[in-house]
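Trainee: upload_3.tsv (TSV, C-alpha atoms) pasted underneath:
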chain	number	residue	atom	x	y	z
H	1	MET	CA	86.51	94.61	103.48
H	2	THR	CA	87.23	91.06	102.40
H	3	LEU	CA	90.46	90.49	100.55
H	4	LYS	CA	90.97	87.46	98.33
H	5	PHE	CA	94.74	87.98	98.51
H	6	THR	CA	97.40	90.41	99.58
H	7	VAL	CA	101.13	90.71	99.00
H	8	PRO	CA	103.56	88.29	100.69
H	9	GLY	CA	104.73	89.43	104.09
H	10	LEU	CA	101.70	91.63	104.76
H	11	SER	CA	98.86	90.41	106.96
H	12	GLU	CA	95.26	90.90	105.86
H	13	GLU	CA	94.79	93.38	108.70
H	14	GLN	CA	97.84	95.40	107.60
H	15	ALA	CA	96.64	95.32	104.00
H	16	GLU	CA	93.15	96.50	104.95
H	17	LYS	CA	94.50	99.42	106.99
H	18	THR	CA	96.93	100.31	104.21
H	19	ILE	CA	94.19	100.17	101.59
H	20	ALA	CA	91.97	102.49	103.65
H	21	ILE	CA	94.78	105.06	103.93
H	22	LEU	CA	95.60	104.76	100.23
H	23	GLN	CA	91.93	105.13	99.26
H	24	ASN	CA	91.83	108.42	101.14
H	25	ARG	CA	94.99	109.53	99.32
H	26	LEU	CA	93.51	108.43	95.98
H	27	SER	CA	90.41	110.53	96.56
H	28	GLN	CA	92.45	113.60	97.45
H	29	GLU	CA	94.73	113.07	94.44
H	30	GLN	CA	91.74	112.86	92.13
H	31	GLU	CA	90.24	116.00	93.64
H	32	ALA	CA	93.57	117.82	93.34
H	33	ALA	CA	93.67	117.10	89.59
H	34	LEU	CA	90.19	118.62	89.27
H	35	VAL	CA	91.14	121.63	91.40
H	36	LEU	CA	94.27	122.28	89.34
H	37	LYS	CA	92.35	122.00	86.07
H	38	HIS	CA	89.70	124.36	87.44
H	39	ALA	CA	92.42	126.91	88.22
H	40	HIS	CA	93.97	126.35	84.77
H	41	TRP	CA	90.66	127.28	83.14
H	42	ASN	CA	89.88	130.26	85.37
H	43	VAL	CA	93.09	132.20	85.93
H	44	GLN	CA	93.22	135.62	84.32
H	45	GLY	CA	95.30	138.77	84.37
H	46	PRO	CA	99.03	139.36	84.60
H	47	ASN	CA	101.17	136.30	83.87
H	48	PHE	CA	98.08	134.43	82.67
H	49	ILE	CA	99.84	132.30	80.08
H	50	ALA	CA	102.71	131.38	82.40
H	51	VAL	CA	100.36	130.21	85.15
H	52	HIS	CA	97.92	128.60	82.72
H	53	GLU	CA	100.73	126.56	81.16
H	54	MET	CA	102.39	125.80	84.51
H	55	LEU	CA	99.27	124.07	85.82
H	56	ASP	CA	98.74	121.45	83.10
H	57	PRO	CA	101.92	119.48	83.89
H	58	GLN	CA	100.87	119.50	87.55
H	59	VAL	CA	97.49	118.02	86.56
H	60	GLU	CA	99.25	115.24	84.64
H	61	VAL	CA	101.59	114.40	87.52
H	62	VAL	CA	98.77	114.32	90.09
H	63	LEU	CA	96.70	112.08	87.79
H	64	GLY	CA	99.75	109.81	87.49
H	65	GLN	CA	99.99	109.74	91.27
H	66	ALA	CA	96.32	108.75	91.50
H	67	ASP	CA	96.92	105.94	89.02
H	68	GLU	CA	99.91	104.70	91.02
H	69	THR	CA	97.92	104.82	94.26
H	70	ALA	CA	94.98	102.98	92.69
H	71	GLU	CA	97.26	100.29	91.32
H	72	ARG	CA	98.88	99.84	94.74
H	73	ILE	CA	95.41	99.35	96.26
H	74	ALA	CA	94.71	96.66	93.65
H	75	THR	CA	98.12	95.06	94.24
H	76	LEU	CA	97.26	94.75	97.93
H	77	GLY	CA	94.03	92.93	97.03
H	78	GLY	CA	91.69	95.89	97.33
H	79	SER	CA	89.40	97.55	94.85
H	80	PRO	CA	90.27	101.22	94.23
H	81	ASP	CA	87.23	103.47	94.13
H	82	GLY	CA	87.72	106.27	91.61
H	83	THR	CA	84.14	107.47	91.47
H	84	PRO	CA	83.09	111.04	92.22
H	85	ASP	CA	81.09	109.65	95.15
H	86	ALA	CA	84.31	108.24	96.64
H	87	ILE	CA	85.95	111.66	96.52
H	88	VAL	CA	83.02	113.15	98.42
H	89	ARG	CA	82.71	110.19	100.82
H	90	ASN	CA	86.43	110.16	101.67
H	91	ARG	CA	86.83	113.92	101.87
H	92	SER	CA	88.38	114.85	105.19
H	93	TRP	CA	90.29	117.91	103.96
H	94	LYS	CA	89.55	121.53	103.23
H	95	GLY	CA	88.90	122.28	99.58
H	96	LEU	CA	89.93	125.14	97.35
H	97	ASP	CA	88.65	128.47	98.66
H	98	LEU	CA	88.41	130.09	95.23
H	99	LYS	CA	85.72	129.58	92.61
H	100	GLY	CA	85.19	131.10	89.17
H	101	ARG	CA	87.37	133.64	87.36
H	102	ALA	CA	90.07	135.28	89.47
H	103	SER	CA	93.51	136.76	89.12
H	104	THR	CA	96.57	134.61	88.69
H	105	GLU	CA	97.84	135.83	92.06
H	106	ASP	CA	94.58	134.90	93.82
H	107	TYR	CA	94.63	131.42	92.28
H	108	ILE	CA	98.28	130.89	93.13
H	109	LYS	CA	97.66	131.87	96.75
H	110	ALA	CA	94.62	129.57	96.93
H	111	LEU	CA	96.60	126.70	95.40
H	112	ILE	CA	99.46	127.24	97.84
H	113	ASP	CA	96.94	126.89	100.68
H	114	TYR	CA	95.42	123.82	99.00
H	115	TYR	CA	98.87	122.24	98.68
H	116	ASP	CA	99.54	122.96	102.38
H	117	VAL	CA	96.61	120.71	103.27
H	118	PHE	CA	97.37	118.11	100.60
H	119	ILE	CA	101.04	117.77	101.60
H	120	THR	CA	100.20	117.69	105.31
H	121	ASP	CA	97.65	114.93	104.73
H	122	ASP	CA	100.17	112.95	102.67
H	123	ARG	CA	102.79	113.33	105.40
H	124	LYS	CA	100.31	112.03	108.00
H	125	ALA	CA	99.59	109.07	105.73
H	126	ILE	CA	103.34	108.40	105.40
H	127	ALA	CA	103.70	108.26	109.19
H	128	GLU	CA	100.87	105.71	109.40
H	129	LEU	CA	102.08	103.72	106.40
H	130	ASP	CA	105.63	103.52	107.80
H	131	GLU	CA	104.20	101.21	110.48
H	132	LEU	CA	102.09	99.15	108.05
H	133	ASP	CA	103.71	98.89	104.64
H	134	VAL	CA	106.98	100.57	103.73
H	135	VAL	CA	106.36	100.08	99.99
H	136	SER	CA	103.12	102.09	100.14
H	137	SER	CA	104.85	104.66	102.33
H	138	ASN	CA	107.60	105.05	99.73
H	139	ILE	CA	105.01	105.63	97.00
H	140	ILE	CA	103.38	108.46	98.94
H	141	GLN	CA	106.82	109.87	99.85
H	142	ASP	CA	107.57	110.17	96.14
H	143	HIS	CA	104.23	111.92	95.66
H	144	VAL	CA	105.03	114.42	98.40
H	145	GLN	CA	108.36	115.24	96.80
H	146	ALA	CA	106.59	116.22	93.56
H	147	LEU	CA	103.88	118.16	95.41
H	148	GLU	CA	106.45	120.12	97.40
H	149	LEU	CA	108.24	120.99	94.17
H	150	PHE	CA	104.98	122.25	92.61
H	151	GLN	CA	104.21	124.28	95.68
H	152	TRP	CA	107.67	125.84	95.47
H	153	PHE	CA	106.96	126.76	91.83
H	154	LEU	CA	103.76	128.49	92.95
H	155	ARG	CA	105.44	130.29	95.84
H	156	SER	CA	108.31	131.40	93.63
H	157	HIS	CA	105.93	132.76	91.05
H	158	ILE	CA	104.56	135.35	93.47
H	159	ALA	CA	107.68	135.93	95.59
What would the structure in this file look like if it were written as structure tokens?

Mentor:
Amino acid sequence: MTLKFTVPGLSEEQAEKTIAILQNRLSQEQEAALVLKHAHWNVQGPNFIAVHEMLDPQVEVVLGQADETAERIATLGGSPDGTPDAIVRNRSWKGLDLKGRASTEDYIKALIDYYDVFITDDRKAIAELDELDVVSSNIIQDHVQALELFQWFLRSHIA
């Protein structure tokens, strides 16, 4: 990767490593929005409307996180890749185990598992970013806080 610029106080090497981590996070954030929308469309059964309506705000927040991550990549002098190919190319995580129509409880359980992976991957990124760029680390920390809240909503729904 060749950068034409980066932010003051960050070396090109630090920026490149940070951008690579953020690109991976961007791809997972974009996939998560698709996964959540898929669940929104396919839940059925008891508590359908509650779960259906609970998922849309999560989609919006995760899309906002993707936008923030992409803009940080650009701020660092990189070029965020938001294509479907990038999601596939950068995929290093386990996807959603559930496809098609299923009960609200089955989708909630699958989403809880999906969030386990997503949050864990974000926390690993935070540990790496803490050494490279505290600003980028803080962005992902804020994302994790929202994801943990959503996962709590899901867990509480079936408790």

Trainee: Can you list, as a ChimeraX atom specification, every protein, DNA or RNA residue that comes within 9 Å of His143 (chain H) when you count all atoms listed in the file, leaving out same-chain residues fewer than 6 positions away?

Mentor: /H:61-62,65,119,122

Trainee: Rounded to one decimal, what separation in Å do you get between CA of Thr18 (chain H) and CA of Gly64 (chain H)?

Mentor: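 Those two atoms sit 19.4 Å apart.
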
Trainee: Expressed in Å to a single decimal, how great is the separation between CA of Ser103 (chain H) and CA of Gly45 (chain H)?

Mentor: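 CA of Gly45 (chain H) lies at a distance of 5.5 Å from CA of Ser103 (chain H).
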
Trainee: Figure out the distance between CA of Ala110 (chain H) and CA of Gly82 (chain H), please, to one decimal in Å.

Mentor: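 Distance between the two atoms: 24.9 Å.
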
Trainee: Find, counting all atoms listed in the file, the residue in H:His40, H:Arg25, H:Ala50, H:Thr104 that gets nearest to Thr120 (chain H).

Mentor: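 The closest residue to Thr120 (chain H) is H:Arg25.
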
Trainee: Just need the box for region 8-14 of chain H, edges along x, y and z, holding every atom the file lists for it with 8 Å tacked onto each side, so centre and edge lengths in Å to one decimal, as lines of an AutoDock Vina configuration file.

Mentor:
center_x = 99.8
center_y = 91.8
center_z = 104.7
size_x = 25.9
size_y = 23.1
size_z = 24.0

Trainee: Excluding region 6-8 of chain H and its own-chain neighbours fewer than 2 positions away, which residues fall within 12 Å of it when counting all atoms listed in the file? Please give them as a list in words.

Mentor: Thr2, Leu3, Lys4, Leu10, Ser11, Glu12, Glu13, Gln14, Ala15, Glu16, Thr18, Ile19, Arg72, Ile73, Ala74, Thr75, Leu76, Gly77, Gly78, Ser79, Asp133, Val135 and Ser136 of chain H

Trainee: For Gly100 (chain H), find every residue with an atom within 10 Å (counting only C-alpha atoms), except residues of its own chain fewer than 2 positions away, and show them as an MDAnalysis selection string.

Mentor: chainID H and resid 38:39 41:43 98 102 107

Trainee: Nearest residue to Asn90 (chain H) out of H:Glu31, H:Glu148, H:Glu105, H:Glu53, using only C-alpha atoms?

Mentor: H:Glu31

Trainee: Do you know which residues are at most 8 Å from Gln58 (chain H) counting only C-alpha atoms, after dropping those on the same chain fewer than 3 positions away, and could you put them as number ranges by chain?

Mentor: H: 33, 36, 54-55, 61-62, 150

Trainee: Can you work out which one of H:Ile126, H:Ile21, H:Met1, H:Val35 has the shortest atom-to-atom distance to Lys99 (chain H), counting only C-alpha atoms?

Mentor: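 Using only C-alpha atoms, Lys99 (chain H) sits closest to H:Val35.
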
Trainee: Within 9 Å of Lys94 (chain H), counting only C-alpha atoms, which residues show up once you throw out same-chain ones fewer than 4 positions away? Write them as a list in words, please.

Mentor: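 Contacts, with the query itself left out: Tyr114, Val117 and Phe118 of chain H.
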
Trainee: I'd like to know which of H:Leu34, H:Tyr115, H:Gln23, H:Gln44 is closest to Arg101 (chain H), using only C-alpha atoms.

Mentor: H:Gln44
